[in-house]
Amino acid sequence: MTNLRIEVIDRPEDVIEAFECTCKAFGEQVHDAIWIAMNPEWDKTGSEGRPRAAARLVEQWRSITYDSQGRPNSIYLKATCPDPADSGRRVFAGLAIWAQLSAVKGHGDAPSDDLRSSLDLEALYPVNEAERRYLSQVHRSFAKRRCEFVRERATSQPPSVMHLQLCAVDPAYQRRGIASKLVQWGLNEAKRRGGLEAITEASSMGRHVYARLGFHGEGQDIKYEVDNEFQSRDRPSNLFMCTETSL
């Protein structure tokens, strides 16, 4: 795609616009059951609807921490391109979130398999204990290998990895290389930060893109360990991938 720009998000209004791409990709297009459960307001109108979900992402963006060298541990990227209907205007086509993770203080955010460390489940589901329990169990399975991988790199130099937390492209702009550009930006940043390995939990749609850029799948798709009452629920297929083979 010509005149595509990949830039670091530096204002909350951009986070909100980029969140729209995520809603269209994960909500409307693939109906990602886990993403929807973590963003239950995404398809609702009014102040308690999608704006509330977007505000939660803005709050995460505002809470970015920094490593011992003053570099942000989380990077929110926007992909924009010219508006086909108005050449003087740019539209949001995609969003990626990269995070520097480490088990060593000062070298990145410490990953956690406890969802409550990053999401207020009581506020999200104030009267639904079952949903809070389900999301906690799903996240524990989803993040298990990520946490292990980061701990294994604690003695590496530097003792950090780059994690692709999210990559979403508006369906109207897919198949134009935008996802590849968002991912490559993060891989280049990993090199700038000392040749860090990169990891992600890839969807069935995204893993072929990541494979072309040097990621390798590790084992089988993630197995979600949940209570019997949740076994019949639909869950997306995700595969842990990394740019180097495990130690």
# chains A, B, ... in the order shown; residues from 1 in each chain; ligands from 1

$ select_by_dssp --residues "region 8-91 of chain A" --states "strand (DSSP E or B)" --output "PDB file with N, CA, C and O atoms, in the first residue's frame"
ATOM      1  N   VAL A   8       4.042   5.702  16.198  1.00  0.00           N
ATOM      2  CA  VAL A   8       3.742   5.484  17.617  1.00  0.00           C
ATOM      3  C   VAL A   8       2.605   6.411  18.027  1.00  0.00           C
ATOM      4  O   VAL A   8       2.618   7.607  17.731  1.00  0.00           O
ATOM      5  N   TYR A  66       8.339   2.458  32.107  1.00  0.00           N
ATOM      6  CA  TYR A  66       9.589   2.639  31.370  1.00  0.00           C
ATOM      7  C   TYR A  66      10.690   1.778  31.979  1.00  0.00           C
ATOM      8  O   TYR A  66      10.695   1.525  33.192  1.00  0.00           O
ATOM      9  N   PRO A  72       9.959   3.169  26.710  1.00  0.00           N
ATOM     10  CA  PRO A  72       8.631   2.679  27.108  1.00  0.00           C
ATOM     11  C   PRO A  72       8.558   1.156  27.025  1.00  0.00           C
ATOM     12  O   PRO A  72       9.051   0.551  26.072  1.00  0.00           O
ATOM     13  N   SER A  74       5.745  -0.434  26.806  1.00  0.00           N
ATOM     14  CA  SER A  74       4.650  -0.729  25.884  1.00  0.00           C
ATOM     15  C   SER A  74       4.641   0.309  24.775  1.00  0.00           C
ATOM     16  O   SER A  74       4.845   1.503  25.035  1.00  0.00           O
ATOM     17  N   ILE A  75       4.413  -0.144  23.557  1.00  0.00           N
ATOM     18  CA  ILE A  75       4.378   0.738  22.401  1.00  0.00           C
ATOM     19  C   ILE A  75       3.092   0.481  21.634  1.00  0.00           C
ATOM     20  O   ILE A  75       2.834  -0.654  21.197  1.00  0.00           O
ATOM     21  N   TYR A  76       2.287   1.518  21.494  1.00  0.00           N
ATOM     22  CA  TYR A  76       1.032   1.427  20.745  1.00  0.00           C
ATOM     23  C   TYR A  76       1.281   2.023  19.364  1.00  0.00           C
ATOM     24  O   TYR A  76       1.664   3.194  19.248  1.00  0.00           O
ATOM     25  N   LEU A  77       1.069   1.225  18.337  1.00  0.00           N
ATOM     26  CA  LEU A  77       1.322   1.662  16.961  1.00  0.00           C
ATOM     27  C   LEU A  77       0.017   1.840  16.200  1.00  0.00           C
ATOM     28  O   LEU A  77      -0.906   1.021  16.337  1.00  0.00           O
ATOM     29  N   LYS A  78      -0.026   2.865  15.389  1.00  0.00           N
ATOM     30  CA  LYS A  78      -1.173   3.070  14.509  1.00  0.00           C
ATOM     31  C   LYS A  78      -0.715   2.959  13.065  1.00  0.00           C
ATOM     32  O   LYS A  78       0.392   3.368  12.710  1.00  0.00           O
ATOM     33  N   ALA A  79      -1.569   2.392  12.244  1.00  0.00           N
ATOM     34  CA  ALA A  79      -1.350   2.354  10.800  1.00  0.00           C
ATOM     35  C   ALA A  79      -2.411   3.243  10.174  1.00  0.00           C
ATOM     36  O   ALA A  79      -3.615   3.051  10.395  1.00  0.00           O
ATOM     37  N   THR A  80      -1.975   4.230   9.405  1.00  0.00           N
ATOM     38  CA  THR A  80      -2.919   5.130   8.744  1.00  0.00           C
ATOM     39  C   THR A  80      -2.607   5.204   7.263  1.00  0.00           C
ATOM     40  O   THR A  80      -1.479   4.991   6.828  1.00  0.00           O
ATOM     41  N   CYS A  81      -3.637   5.522   6.485  1.00  0.00           N
ATOM     42  CA  CYS A  81      -3.479   5.664   5.044  1.00  0.00           C
ATOM     43  C   CYS A  81      -4.441   6.755   4.559  1.00  0.00           C
ATOM     44  O   CYS A  81      -5.347   7.163   5.285  1.00  0.00           O
ATOM     45  N   PRO A  82      -4.248   7.236   3.342  1.00  0.00           N
ATOM     46  CA  PRO A  82      -5.134   8.285   2.834  1.00  0.00           C
ATOM     47  C   PRO A  82      -6.579   7.802   2.734  1.00  0.00           C
ATOM     48  O   PRO A  82      -6.840   6.646   2.368  1.00  0.00           O
ATOM     49  N   ASP A  83      -7.496   8.667   3.070  1.00  0.00           N
ATOM     50  CA  ASP A  83      -8.919   8.370   2.946  1.00  0.00           C
ATOM     51  C   ASP A  83      -9.284   8.341   1.455  1.00  0.00           C
ATOM     52  O   ASP A  83      -9.076   9.338   0.750  1.00  0.00           O
ATOM     53  N   ASP A  86     -11.352  11.271   0.585  1.00  0.00           N
ATOM     54  CA  ASP A  86     -10.845  12.608   0.861  1.00  0.00           C
ATOM     55  C   ASP A  86      -9.332  12.522   0.975  1.00  0.00           C
ATOM     56  O   ASP A  86      -8.788  12.152   2.012  1.00  0.00           O
ATOM     57  N   SER A  87      -8.630  12.860  -0.084  1.00  0.00           N
ATOM     58  CA  SER A  87      -7.181  12.705  -0.128  1.00  0.00           C
ATOM     59  C   SER A  87      -6.449  13.548   0.904  1.00  0.00           C
ATOM     60  O   SER A  87      -5.287  13.279   1.224  1.00  0.00           O
ATOM     61  N   GLY A  88      -7.116  14.544   1.442  1.00  0.00           N
ATOM     62  CA  GLY A  88      -6.482  15.389   2.444  1.00  0.00           C
ATOM     63  C   GLY A  88      -6.630  14.857   3.854  1.00  0.00           C
ATOM     64  O   GLY A  88      -6.140  15.482   4.804  1.00  0.00           O
ATOM     65  N   ARG A  89      -7.265  13.738   3.989  1.00  0.00           N
ATOM     66  CA  ARG A  89      -7.518  13.167   5.316  1.00  0.00           C
ATOM     67  C   ARG A  89      -6.933  11.763   5.400  1.00  0.00           C
ATOM     68  O   ARG A  89      -6.916  11.028   4.413  1.00  0.00           O
ATOM     69  N   ARG A  90      -6.465  11.393   6.583  1.00  0.00           N
ATOM     70  CA  ARG A  90      -5.950  10.051   6.792  1.00  0.00           C
ATOM     71  C   ARG A  90      -6.910   9.266   7.673  1.00  0.00           C
ATOM     72  O   ARG A  90      -7.563   9.829   8.561  1.00  0.00           O
ATOM     73  N   VAL A  91      -6.999   7.968   7.412  1.00  0.00           N
ATOM     74  CA  VAL A  91      -7.882   7.106   8.191  1.00  0.00           C
ATOM     75  C   VAL A  91      -7.058   6.039   8.883  1.00  0.00           C
ATOM     76  O   VAL A  91      -5.982   5.651   8.419  1.00  0.00           O
TER      77      VAL A  91
END

$ residues_around --residues "Arg140 (chain A)" --least-positions-apart "4" --cutoff "9 Å" --atoms "only C-alpha atoms" --output "PyMOL selection string"
chain A and resi 112-115+135-136+144+224-225

$ write_last_selection --atoms "N, CA and C atoms" --output "PDB file, in the first residue's frame"
ATOM      1  N   SER A 112       2.317 -11.638  33.787  1.00  0.00           N
ATOM      2  CA  SER A 112       1.535 -12.315  34.819  1.00  0.00           C
ATOM      3  C   SER A 112       0.439 -13.137  34.180  1.00  0.00           C
ATOM      4  N   ASP A 113       0.180 -14.292  34.759  1.00  0.00           N
ATOM      5  CA  ASP A 113      -0.941 -15.100  34.279  1.00  0.00           C
ATOM      6  C   ASP A 113      -2.206 -14.832  35.094  1.00  0.00           C
ATOM      7  N   ASP A 114      -2.124 -13.839  35.985  1.00  0.00           N
ATOM      8  CA  ASP A 114      -3.272 -13.420  36.782  1.00  0.00           C
ATOM      9  C   ASP A 114      -3.917 -12.220  36.099  1.00  0.00           C
ATOM     10  N   LEU A 115      -5.067 -12.414  35.488  1.00  0.00           N
ATOM     11  CA  LEU A 115      -5.722 -11.355  34.730  1.00  0.00           C
ATOM     12  C   LEU A 115      -6.066 -10.158  35.597  1.00  0.00           C
ATOM     13  N   LEU A 135     -12.879 -15.950  32.742  1.00  0.00           N
ATOM     14  CA  LEU A 135     -11.845 -15.136  32.107  1.00  0.00           C
ATOM     15  C   LEU A 135     -10.494 -15.319  32.802  1.00  0.00           C
ATOM     16  N   SER A 136     -10.508 -15.469  34.113  1.00  0.00           N
ATOM     17  CA  SER A 136      -9.262 -15.705  34.842  1.00  0.00           C
ATOM     18  C   SER A 136      -8.629 -17.017  34.414  1.00  0.00           C
ATOM     19  N   LYS A 144       0.326 -18.695  30.021  1.00  0.00           N
ATOM     20  CA  LYS A 144       1.224 -19.635  30.704  1.00  0.00           C
ATOM     21  C   LYS A 144       2.587 -19.727  30.034  1.00  0.00           C
ATOM     22  N   TYR A 224      -6.818 -24.654  26.667  1.00  0.00           N
ATOM     23  CA  TYR A 224      -7.442 -23.849  27.715  1.00  0.00           C
ATOM     24  C   TYR A 224      -7.979 -24.763  28.809  1.00  0.00           C
ATOM     25  N   GLU A 225      -7.451 -24.581  30.005  1.00  0.00           N
ATOM     26  CA  GLU A 225      -7.883 -25.368  31.152  1.00  0.00           C
ATOM     27  C   GLU A 225      -8.933 -24.584  31.923  1.00  0.00           C
TER      28      GLU A 225
END

$ residues_around --residues "Asn39 (chain A)" --least-positions-apart "3" --cutoff "10 Å" --atoms "only C-alpha atoms" --output "list in words"
Cys23, Gly27, Ala33, Ile34, Trp35, Ile36, Trp42, Asp43, Gly49, Arg50, Arg52, Ala53, Ala54, Arg56, Leu57 and Leu124 of chain A

$ closest_atom_pairs --of "region 94-196 of chain A" --to "region 234-243 of chain A" --cutoff "9 Å" --atoms "only C-alpha atoms" --output "Markdown table"
| residue | atom | partner | partner_atom | distance |
| --- | --- | --- | --- | --- |
| A:Phe142 | CA | A:Asn238 | CA | 8.2 |
| A:Arg145 | CA | A:Phe240 | CA | 7.3 |
| A:Arg146 | CA | A:Phe240 | CA | 7.8 |

$ write_last_selection --atoms "all heavy atoms" --output "PDB file, in the first residue's frame"
ATOM      1  N   PHE A 142      -3.778 -18.914  28.540  1.00  0.00           N
ATOM      2  CA  PHE A 142      -3.293 -18.123  27.413  1.00  0.00           C
ATOM      3  C   PHE A 142      -1.889 -17.583  27.679  1.00  0.00           C
ATOM      4  O   PHE A 142      -1.036 -17.557  26.772  1.00  0.00           O
ATOM      5  CB  PHE A 142      -4.267 -16.970  27.162  1.00  0.00           C
ATOM      6  CG  PHE A 142      -4.004 -16.174  25.919  1.00  0.00           C
ATOM      7  CD1 PHE A 142      -4.335 -16.675  24.668  1.00  0.00           C
ATOM      8  CD2 PHE A 142      -3.434 -14.912  25.986  1.00  0.00           C
ATOM      9  CE1 PHE A 142      -4.103 -15.939  23.510  1.00  0.00           C
ATOM     10  CE2 PHE A 142      -3.198 -14.167  24.836  1.00  0.00           C
ATOM     11  CZ  PHE A 142      -3.533 -14.686  23.595  1.00  0.00           C
ATOM     12  N   ARG A 145       2.624 -20.033  28.739  1.00  0.00           N
ATOM     13  CA  ARG A 145       3.903 -20.210  28.061  1.00  0.00           C
ATOM     14  C   ARG A 145       4.656 -18.888  27.956  1.00  0.00           C
ATOM     15  O   ARG A 145       5.889 -18.849  28.032  1.00  0.00           O
ATOM     16  CB  ARG A 145       3.684 -20.819  26.668  1.00  0.00           C
ATOM     17  CG  ARG A 145       4.974 -21.060  25.903  1.00  0.00           C
ATOM     18  CD  ARG A 145       5.926 -21.978  26.671  1.00  0.00           C
ATOM     19  NE  ARG A 145       7.242 -22.062  26.041  1.00  0.00           N
ATOM     20  CZ  ARG A 145       8.394 -22.037  26.696  1.00  0.00           C
ATOM     21  NH1 ARG A 145       8.402 -21.927  28.015  1.00  0.00           N
ATOM     22  NH2 ARG A 145       9.535 -22.131  26.046  1.00  0.00           N
ATOM     23  N   ARG A 146       3.942 -17.795  27.788  1.00  0.00           N
ATOM     24  CA  ARG A 146       4.563 -16.470  27.753  1.00  0.00           C
ATOM     25  C   ARG A 146       5.364 -16.225  29.032  1.00  0.00           C
ATOM     26  O   ARG A 146       6.523 -15.805  28.981  1.00  0.00           O
ATOM     27  CB  ARG A 146       3.504 -15.393  27.601  1.00  0.00           C
ATOM     28  CG  ARG A 146       4.025 -13.975  27.558  1.00  0.00           C
ATOM     29  CD  ARG A 146       2.916 -12.966  27.848  1.00  0.00           C
ATOM     30  NE  ARG A 146       1.700 -13.256  27.103  1.00  0.00           N
ATOM     31  CZ  ARG A 146       0.524 -12.695  27.351  1.00  0.00           C
ATOM     32  NH1 ARG A 146       0.402 -11.816  28.350  1.00  0.00           N
ATOM     33  NH2 ARG A 146      -0.542 -13.010  26.642  1.00  0.00           N
TER      34      ARG A 146
END

$ select_by_dssp --residues "region 83-235 of chain A" --states "helix (DSSP H, G or I)" --output "number ranges by chain"
A: 115-117, 121-124, 129-152, 171-173, 178-192, 207-212, 228-230

$ write_last_selection --atoms "C-alpha atoms" --output "tab-separated table (two decimals), in the first residue's frame"
chain	number	residue	atom	x	y	z
A	115	LEU	CA	-5.72	-11.35	34.73
A	116	ARG	CA	-6.68	-9.30	37.78
A	117	SER	CA	-3.25	-7.68	37.67
A	121	LEU	CA	-12.87	-7.94	36.56
A	122	GLU	CA	-15.19	-6.81	39.34
A	123	ALA	CA	-15.90	-3.59	37.44
A	124	LEU	CA	-16.28	-5.47	34.16
A	129	GLU	CA	-18.81	-14.31	39.37
A	130	ALA	CA	-18.84	-17.13	36.81
A	131	GLU	CA	-17.68	-14.83	34.03
A	132	ARG	CA	-14.90	-13.43	36.20
A	133	ARG	CA	-13.76	-16.95	37.02
A	134	TYR	CA	-13.92	-18.05	33.39
A	135	LEU	CA	-11.84	-15.14	32.11
A	136	SER	CA	-9.26	-15.71	34.84
A	137	GLN	CA	-8.93	-19.35	33.85
A	138	VAL	CA	-8.73	-18.58	30.14
A	139	HIS	CA	-6.05	-15.94	30.66
A	140	ARG	CA	-4.01	-18.24	32.90
A	141	SER	CA	-3.84	-20.78	30.07
A	142	PHE	CA	-3.29	-18.12	27.41
A	143	ALA	CA	-0.37	-16.49	29.24
A	144	LYS	CA	1.22	-19.63	30.70
A	145	ARG	CA	3.90	-20.21	28.06
A	146	ARG	CA	4.56	-16.47	27.75
A	147	CYS	CA	5.41	-16.25	31.45
A	148	GLU	CA	7.59	-19.36	31.27
A	149	PHE	CA	9.46	-18.03	28.24
A	150	VAL	CA	10.20	-14.70	29.89
A	151	ARG	CA	11.48	-16.43	33.05
A	152	GLU	CA	13.74	-18.64	30.92
A	171	PRO	CA	-11.17	-5.67	7.36
A	172	ALA	CA	-11.59	-2.94	4.74
A	173	TYR	CA	-7.80	-2.59	4.58
A	178	ILE	CA	-0.50	-3.56	6.87
A	179	ALA	CA	-0.23	-6.32	9.48
A	180	SER	CA	3.24	-7.19	8.20
A	181	LYS	CA	4.34	-3.58	8.56
A	182	LEU	CA	3.00	-3.34	12.12
A	183	VAL	CA	4.80	-6.55	13.07
A	184	GLN	CA	8.03	-5.64	11.29
A	185	TRP	CA	8.15	-2.32	13.15
A	186	GLY	CA	8.19	-4.24	16.43
A	187	LEU	CA	10.83	-6.67	15.20
A	188	ASN	CA	13.02	-3.74	14.18
A	189	GLU	CA	12.52	-2.21	17.62
A	190	ALA	CA	13.53	-5.52	19.20
A	191	LYS	CA	16.82	-5.31	17.27
A	192	ARG	CA	17.33	-1.72	18.36
A	207	ARG	CA	0.11	-16.93	12.25
A	208	HIS	CA	0.92	-17.17	8.54
A	209	VAL	CA	1.88	-13.48	8.56
A	210	TYR	CA	4.12	-13.98	11.57
A	211	ALA	CA	5.72	-17.09	10.06
A	212	ARG	CA	6.77	-15.09	6.99
A	228	ASN	CA	-16.40	-28.22	33.28
A	229	GLU	CA	-19.21	-25.68	33.14
A	230	PHE	CA	-17.20	-23.68	30.59

$ closest_residue --among "A:Ala37, A:Leu164, A:Val104, A:Ala93" --to "Leu4 (chain A)" --atoms "only C-alpha atoms"
A:Ala93

$ closest_residue --among "A:Gln29, A:Ser63, A:Thr45, A:Ser232" --to "Ala168 (chain A)" --atoms "only C-alpha atoms"
A:Gln29

$ residues_around --residues "Gly108 (chain A)" --least-positions-apart "6" --cutoff "7 Å" --atoms "only C-alpha atoms" --output "PDB file with N, CA and C atoms, in the first residue's frame"
ATOM      1  N   ASP A  67      11.604   1.317  31.119  1.00  0.00           N
ATOM      2  CA  ASP A  67      12.707   0.504  31.623  1.00  0.00           C
ATOM      3  C   ASP A  67      13.818   1.392  32.173  1.00  0.00           C
ATOM      4  N   ASN A  73       7.946   0.558  28.033  1.00  0.00           N
ATOM      5  CA  ASN A  73       7.778  -0.896  28.027  1.00  0.00           C
ATOM      6  C   ASN A  73       6.614  -1.345  27.161  1.00  0.00           C
ATOM      7  N   GLN A 100       7.651  -4.755  26.022  1.00  0.00           N
ATOM      8  CA  GLN A 100       8.926  -5.327  26.454  1.00  0.00           C
ATOM      9  C   GLN A 100       8.690  -5.985  27.805  1.00  0.00           C
ATOM     10  N   LEU A 101       8.966  -7.286  27.880  1.00  0.00           N
ATOM     11  CA  LEU A 101       8.724  -8.059  29.091  1.00  0.00           C
ATOM     12  C   LEU A 101      10.036  -8.576  29.663  1.00  0.00           C
ATOM     13  N   SER A 102      10.076  -8.686  30.976  1.00  0.00           N
ATOM     14  CA  SER A 102      11.260  -9.224  31.630  1.00  0.00           C
ATOM     15  C   SER A 102      10.928  -9.663  33.047  1.00  0.00           C
ATOM     16  N   SER A 160      15.370  -9.658  28.353  1.00  0.00           N
ATOM     17  CA  SER A 160      14.052  -9.152  27.969  1.00  0.00           C
ATOM     18  C   SER A 160      13.595  -9.802  26.670  1.00  0.00           C
TER      19      SER A 160
END

$ atom_distance --atom1 "CA of Asp32 (chain A)" --atom2 "CA of Ser203 (chain A)"
9.6 Å

$ decode --residues "region 145-160 of chain A" --atoms "N, CA and C atoms" --output "PDB file, in the first residue's frame"
ATOM      1  N   ARG A 145       2.624 -20.033  28.739  1.00  0.00           N
ATOM      2  CA  ARG A 145       3.903 -20.210  28.061  1.00  0.00           C
ATOM      3  C   ARG A 145       4.656 -18.888  27.956  1.00  0.00           C
ATOM      4  N   ARG A 146       3.942 -17.795  27.788  1.00  0.00           N
ATOM      5  CA  ARG A 146       4.563 -16.470  27.753  1.00  0.00           C
ATOM      6  C   ARG A 146       5.364 -16.225  29.032  1.00  0.00           C
ATOM      7  N   CYS A 147       4.746 -16.479  30.169  1.00  0.00           N
ATOM      8  CA  CYS A 147       5.415 -16.249  31.453  1.00  0.00           C
ATOM      9  C   CYS A 147       6.625 -17.166  31.604  1.00  0.00           C
ATOM     10  N   GLU A 148       6.478 -18.416  31.194  1.00  0.00           N
ATOM     11  CA  GLU A 148       7.594 -19.359  31.267  1.00  0.00           C
ATOM     12  C   GLU A 148       8.756 -18.880  30.403  1.00  0.00           C
ATOM     13  N   PHE A 149       8.436 -18.470  29.192  1.00  0.00           N
ATOM     14  CA  PHE A 149       9.455 -18.031  28.235  1.00  0.00           C
ATOM     15  C   PHE A 149      10.240 -16.850  28.780  1.00  0.00           C
ATOM     16  N   VAL A 150       9.543 -15.888  29.347  1.00  0.00           N
ATOM     17  CA  VAL A 150      10.204 -14.700  29.887  1.00  0.00           C
ATOM     18  C   VAL A 150      11.106 -15.087  31.062  1.00  0.00           C
ATOM     19  N   ARG A 151      10.644 -15.987  31.923  1.00  0.00           N
ATOM     20  CA  ARG A 151      11.481 -16.426  33.048  1.00  0.00           C
ATOM     21  C   ARG A 151      12.737 -17.146  32.547  1.00  0.00           C
ATOM     22  N   GLU A 152      12.597 -17.924  31.485  1.00  0.00           N
ATOM     23  CA  GLU A 152      13.744 -18.638  30.919  1.00  0.00           C
ATOM     24  C   GLU A 152      14.806 -17.681  30.387  1.00  0.00           C
ATOM     25  N   ARG A 153      14.397 -16.479  29.992  1.00  0.00           N
ATOM     26  CA  ARG A 153      15.336 -15.494  29.453  1.00  0.00           C
ATOM     27  C   ARG A 153      15.905 -14.581  30.523  1.00  0.00           C
ATOM     28  N   ALA A 154      15.659 -14.852  31.784  1.00  0.00           N
ATOM     29  CA  ALA A 154      16.111 -13.969  32.860  1.00  0.00           C
ATOM     30  C   ALA A 154      17.628 -13.878  32.951  1.00  0.00           C
ATOM     31  N   THR A 155      18.336 -14.881  32.448  1.00  0.00           N
ATOM     32  CA  THR A 155      19.803 -14.850  32.496  1.00  0.00           C
ATOM     33  C   THR A 155      20.418 -14.444  31.159  1.00  0.00           C
ATOM     34  N   SER A 156      19.574 -14.119  30.180  1.00  0.00           N
ATOM     35  CA  SER A 156      20.077 -13.669  28.882  1.00  0.00           C
ATOM     36  C   SER A 156      20.543 -12.223  28.987  1.00  0.00           C
ATOM     37  N   GLN A 157      21.270 -11.791  27.994  1.00  0.00           N
ATOM     38  CA  GLN A 157      21.720 -10.394  27.945  1.00  0.00           C
ATOM     39  C   GLN A 157      21.316  -9.774  26.614  1.00  0.00           C
ATOM     40  N   PRO A 158      20.372  -8.823  26.649  1.00  0.00           N
ATOM     41  CA  PRO A 158      19.613  -8.369  27.822  1.00  0.00           C
ATOM     42  C   PRO A 158      18.524  -9.383  28.199  1.00  0.00           C
ATOM     43  N   PRO A 159      18.060  -9.349  29.436  1.00  0.00           N
ATOM     44  CA  PRO A 159      17.099 -10.349  29.923  1.00  0.00           C
ATOM     45  C   PRO A 159      15.642  -9.975  29.613  1.00  0.00           C
ATOM     46  N   SER A 160      15.370  -9.658  28.353  1.00  0.00           N
ATOM     47  CA  SER A 160      14.052  -9.152  27.969  1.00  0.00           C
ATOM     48  C   SER A 160      13.595  -9.802  26.670  1.00  0.00           C
TER      49      SER A 160
END
